[in-house]
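Asks: Encoded as structure tokens, here's the structure I'll be asking about.
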Amino acid sequence: MLNTPAPAASFPARAAKLLSLAVLSLAVLTGCSGGASQSVSTAVKDSSSAVATARIVLRQDMDGKLTKAAASTSLEDELKEVQTSRSTVLKLSPASQEDRDLQKQALDVLDQCAAGFATARAALAANDGGTPSLSHGDKALADAQDALKQLGDKVGSK
Amino acid sequence: MKRLLGVALGILTAIGGFVDIGDLVTNAVVGSRFGLSLVWVVVVGVVGIVLFANMSGRVAAVSGRATFEVIRERLGPRAGLANLSASFLINLMTVTAEIGGVALALQLASSVYYLLWIPVAAVAVWLVIWRVRFSIMENVTGLLGLTLVIFAVAVFLLKPDWGSLAGQVLAPSVPQQETVWSYSYYAIALFGAAMTPYEVFFFSSGAVEEKWGVKDLAQSRINVLIGFPLGGLLSISIAVCAALVLLPAGISVTSLSQVILPVAEGAGKLGLAFVLVGIVAATFGAALETTLSSGYTLAQFFGWSWGKFRRPAEAARFHLSMIVCLLVGIGVLATGVDPVLVTEYSVVFSAIALPLTYLPILIVANDPQYMREHVNGRAVNALGMVYLVIILVASIAAIPLMIVTGAGS
């Protein structure tokens, strides 16, 4: 009797298998994150970058190196970055008490960042000697930066 | 004397026209995250674009026809369609990114929200394409784009540690906080930004617009061989600026407003004025080029009458297709999508589409039926083959790396 090869899987079946494998790989590659701490870590990194940018903007404005239009646009862009990070953290569904605490702490810090931005923007608008002053704005952002660093250290040590 | 001036003007416009939103954003992102450890990719990309732009210009000058038209005829409609689909979609993304770039730069200059500038920028692009002569359009935007040289000036004004910079360039390594995957992803993005397909199609169609012949080959070669590498130096100075000011502060570039900060740091308000004029000119010039490239590729594939040397009524479908492209660009940007994000994706998708663009050019440039005695020499072909391998590797690796790195985030 002739050894006939087993019939090859039909094209749609093979395609379905390949598709499942691709979807599975995608899910593994994109979905293997560290849950809440990973998202908080990313949010902290992005917000730290935004706050650091805002501090450079304020310093350059104080030194007369930046126009009002460029400074206010930069602050707006960076505030948007913080808001995006906050929205990401807000949408998390923490599974454990520890993650819930982390989410709460991250939201507090990101709110502090947003408040720092509000002070900085007000300072830029009142740059004619009114209050708050640019140094007030910088102080608010520096405090937010410290809080972000502490949160970052906490998330990093996990 | 007149010829010498022509050569100088050609070189200057090639330098000024080299940088577009893709180069601006990608170089700044890379400088702020990887320092100068990816400068070698810009060098590889610039050599590649010099090689293929020169080939493409030669095809146009010798055959009197644009490269895409010759590809369509030489390789048939199927290969032409593959080439068209890839390059046209990338073009459309790039048109969108460039218009967004113009609007963002105008917001930085005026503080008027960028979405309000988008229709203004798009109408301005259309008006220039409709009314302004090709050579004037190219020379004005190219020369104004030269003000981006302020990035190079700012590098000196920032008084860097040259030894440390040289160390980063000569002994590139993946920074501690980054992964080898994100390093590779941005290497591909930088390569895609330097070798964007629209540049060669625009270059060859521009050669036809300006009625180049064999006698102009020397000038075309000088423009490419001197102008593009100097434009590449501008790209590198954007990365150096970001590496000097943003990287030490822990800033990763996500917006155009961050790109200008190092220049303001080094050169103050005057430098800021230069950089804003430069960014508007560079992105506006690139918006003109990409819009025209979209029209060129479509018209050359379908055999429509095309070119700015014809009156718009004589190339109605060519002009209509460009208007549609601009409207699509406005529509995409009106959704509120971040133009910087569109730019980041467009340079990576450029890398994916590169083989479909550059392989046909290499084939056509070797066809004596079109090129007569001006076919590629052995050295050019050998280098072309090496680049095809690089292009293929970049193209294959781009999507997996995009998934693994979460688009470089």
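Chain labels follow the order of the structure tokens: the first chain is A, the next B, and so on; residue numbering restarts at 1 in every chain, and ligands are counted from 1 in their shown order.
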Skip B:Met55 itself and residues of its chain fewer than 5 positions away, then list as JSON, numbers by chain all residues within 9 Å of it, counting only C-alpha atoms.
Replies: {"B": [50, 60, 200, 361, 362, 365, 376, 380]}
Asks: Select, as an NGL selection string, those residues of chain A with any atom no more than 8 Å from chain B (distances computed using only C-alpha atoms).
Replies: :A and (26 or 29-30 or 46 or 48-50 or 52-53 or 56-57 or 60 or 64-67 or 69-70 or 72-74 or 77)
Asks: Ranking B:Ser237, B:Gln219, B:Ser350, B:Ser205 by minimum distance to B:Ala299 and counting only C-alpha atoms, which one comes first?
Replies: B:Ser205
Asks: So, with only C-alpha atoms as the atoms that count, which of A:Gln83, A:Ser47, A:Ser135, A:Ser93 lies closest to A:Ala147?
Replies: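 Closest residue, counting only C-alpha atoms: A:Ser47.
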Asks: Mind giving me the straight-line distance from atom CA of B:Ser235 to atom CA of B:Val120 in Å, one decimal?
Replies: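 Separation between atom CA of B:Ser235 and atom CA of B:Val120: 27.4 Å.
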Asks: Near B:Val324, within 12 Å and counting only C-alpha atoms, which residues show up once chain neighbours fewer than 5 positions away are dropped, as a short mmCIF file (atom, residue, chain, number, x, y, z; two decimals) with N, CA and C atoms, in the first residue's frame?
Replies:
```cif
data_model
loop_
_atom_site.label_atom_id
_atom_site.label_comp_id
_atom_site.auth_asym_id
_atom_site.auth_seq_id
_atom_site.Cartn_x
_atom_site.Cartn_y
_atom_site.Cartn_z
N LEU B 92 1.05 60.81 1.44
CA LEU B 92 -0.14 61.41 2.05
C LEU B 92 0.07 61.64 3.54
N VAL B 95 2.45 64.57 3.77
CA VAL B 95 1.75 65.86 3.52
C VAL B 95 1.06 66.29 4.80
N ALA B 122 -2.76 75.00 4.53
CA ALA B 122 -3.13 74.18 3.37
C ALA B 122 -3.49 75.06 2.17
N TRP B 126 -1.66 75.31 -1.49
CA TRP B 126 -2.38 75.20 -2.76
C TRP B 126 -2.13 76.43 -3.65
N THR B 291 3.11 67.46 -1.55
CA THR B 291 1.84 67.60 -2.27
C THR B 291 2.09 67.41 -3.77
N LEU B 292 3.14 68.07 -4.26
CA LEU B 292 3.48 67.90 -5.68
C LEU B 292 3.84 66.45 -5.99
N SER B 294 2.73 63.80 -4.59
CA SER B 294 1.49 63.01 -4.67
C SER B 294 0.88 63.17 -6.06
N GLY B 295 0.80 64.41 -6.52
CA GLY B 295 0.25 64.67 -7.85
C GLY B 295 1.10 64.04 -8.94
N LEU B 298 0.70 60.07 -9.01
CA LEU B 298 -0.61 59.67 -9.54
C LEU B 298 -0.68 59.93 -11.05
N ARG B 317 -6.39 67.18 -13.90
CA ARG B 317 -6.46 66.04 -12.97
C ARG B 317 -5.28 66.04 -12.00
N PHE B 318 -4.12 66.48 -12.51
CA PHE B 318 -2.93 66.61 -11.67
C PHE B 318 -3.21 67.60 -10.53
N HIS B 319 -3.78 68.75 -10.87
CA HIS B 319 -4.06 69.76 -9.83
C HIS B 319 -5.19 69.31 -8.91
N GLY B 329 -5.45 65.65 4.08
CA GLY B 329 -4.54 66.06 5.15
C GLY B 329 -5.24 66.93 6.18
N ILE B 330 -6.02 67.90 5.71
CA ILE B 330 -6.77 68.78 6.63
C ILE B 330 -7.74 67.94 7.46
N GLY B 331 -8.42 67.01 6.77
CA GLY B 331 -9.41 66.16 7.44
C GLY B 331 -8.78 65.34 8.56
#
```
Asks: List the spatial neighbours of A:Ala120 as a ChimeraX atom specification - criterion: any atom at most 7 Å away, only C-alpha atoms, same-chain residues fewer than 5 positions off excluded.
Replies: /A:134,137-138
Asks: Out of stretch 153-228 of chain B, which residues get alpha helix (DSSP H) from DSSP, as a PyMOL selection string?
Replies: chain B and resi 153-157+162-170+180-194+197-209+217-222+228
Asks: Residues at most 8 Å from A:Gln145, counting only C-alpha atoms, excluding those fewer than 3 positions away in the same chain, as a PyMOL selection string?
Replies: chain A and resi 48+51-52+113+141-142+148-149
Asks: List the neighbours of A:Asp99 out to 12 Å using only C-alpha atoms; skip same-chain residues closer than 3 positions along the sequence, and give me the result as a list in words.
Replies: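 Counting only the stated atoms, we get Gly34, Gly35, Ala36, Ser37, Gln38, Ser39, Val40, Val89, Leu92, Ser93, Pro94, Ala95, Ser96, Leu102, Gln103, Lys104, Gln105, Ala106, Val155 and Lys158 of chain A.
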Asks: Please save N, CA and C atoms of the selected residues as a tab-separated table (two decimals), in the first residue's frame.
Replies:
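Once written, again-v2.tsv looks like this:
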```tsv
chain	number	residue	atom	x	y	z
A	34	GLY	N	3.67	45.33	33.25
A	34	GLY	CA	3.67	45.05	34.67
A	34	GLY	C	2.46	45.58	35.39
A	35	GLY	N	1.32	45.72	34.71
A	35	GLY	CA	0.09	46.17	35.35
A	35	GLY	C	0.21	47.62	35.79
A	36	ALA	N	-0.35	47.88	36.99
A	36	ALA	CA	-0.45	49.26	37.47
A	36	ALA	C	0.93	49.91	37.60
A	37	SER	N	1.88	49.17	38.16
A	37	SER	CA	3.18	49.81	38.42
A	37	SER	C	3.87	50.20	37.11
A	38	GLN	N	3.68	49.37	36.07
A	38	GLN	CA	4.28	49.71	34.77
A	38	GLN	C	3.66	50.99	34.21
A	39	SER	N	2.32	51.08	34.27
A	39	SER	CA	1.65	52.27	33.74
A	39	SER	C	2.01	53.51	34.55
A	40	VAL	N	2.09	53.34	35.88
A	40	VAL	CA	2.44	54.48	36.72
A	40	VAL	C	3.88	54.92	36.42
A	89	VAL	N	-3.53	56.87	34.07
A	89	VAL	CA	-3.53	56.31	35.43
A	89	VAL	C	-4.97	56.18	35.94
A	92	LEU	N	-6.82	53.02	34.91
A	92	LEU	CA	-6.33	51.71	35.37
A	92	LEU	C	-7.40	51.00	36.20
A	93	SER	N	-7.40	49.68	36.14
A	93	SER	CA	-8.30	48.91	37.00
A	93	SER	C	-7.43	48.08	37.94
A	94	PRO	N	-6.98	48.67	39.05
A	94	PRO	CA	-6.05	47.94	39.92
A	94	PRO	C	-6.70	46.72	40.56
A	95	ALA	N	-5.92	45.62	40.60
A	95	ALA	CA	-6.48	44.35	41.08
A	95	ALA	C	-6.24	44.15	42.57
A	96	SER	N	-5.20	44.77	43.11
A	96	SER	CA	-4.88	44.54	44.52
A	96	SER	C	-4.94	45.86	45.30
A	102	LEU	N	-1.26	52.67	45.03
A	102	LEU	CA	-0.31	53.27	44.08
A	102	LEU	C	-1.03	54.21	43.12
A	103	GLN	N	-2.19	53.76	42.64
A	103	GLN	CA	-2.96	54.59	41.71
A	103	GLN	C	-3.36	55.91	42.38
A	104	LYS	N	-3.82	55.79	43.63
A	104	LYS	CA	-4.25	56.99	44.36
A	104	LYS	C	-3.09	57.96	44.54
A	105	GLN	N	-1.93	57.39	44.93
A	105	GLN	CA	-0.75	58.23	45.15
A	105	GLN	C	-0.31	58.91	43.83
A	106	ALA	N	-0.34	58.14	42.74
A	106	ALA	CA	0.06	58.69	41.44
A	106	ALA	C	-0.88	59.82	41.03
A	155	VAL	N	8.13	53.30	42.74
A	155	VAL	CA	7.71	52.34	41.71
A	155	VAL	C	8.92	51.54	41.21
A	158	LYS	N	10.10	48.49	43.26
A	158	LYS	CA	9.21	47.30	43.33
A	158	LYS	C	9.74	46.16	42.47
```
Asks: Please determine, counting only C-alpha atoms, which residue among B:Leu146, B:Ala243, B:Val342, B:Ala66 has the shortest atom-to-atom distance to B:Tyr370.
Replies: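 Using only C-alpha atoms, the shortest distance to B:Tyr370 belongs to B:Ala66.
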Asks: Please list as a PyMOL selection string every residue within 10 Å of stretch 159-162 of chain B, counting only C-alpha atoms and excluding residues in the same chain fewer than 2 positions away.
Replies: chain B and resi 154-157+164-168+240-241+244-245+266
Asks: Go ahead and compute the interatomic distance for atom CA of B:Phe309 and atom CA of B:Trp117, in Å to one decimal.
Replies: 29.3 Å
Asks: Pick the closest to B:Phe88 from B:Gln300, B:Thr141, B:Gln177, B:Thr283: which is it, counting only C-alpha atoms?
Replies: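 Of all the options, B:Gln300 lies closest to B:Phe88.
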Asks: Calculate how many Å separate atom CA of B:Pro77 from atom CA of B:Trp304, rounding to one decimal.
Replies: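 If I compute the distance from atom CA of B:Pro77 to atom CA of B:Trp304, I get 14.6 Å.
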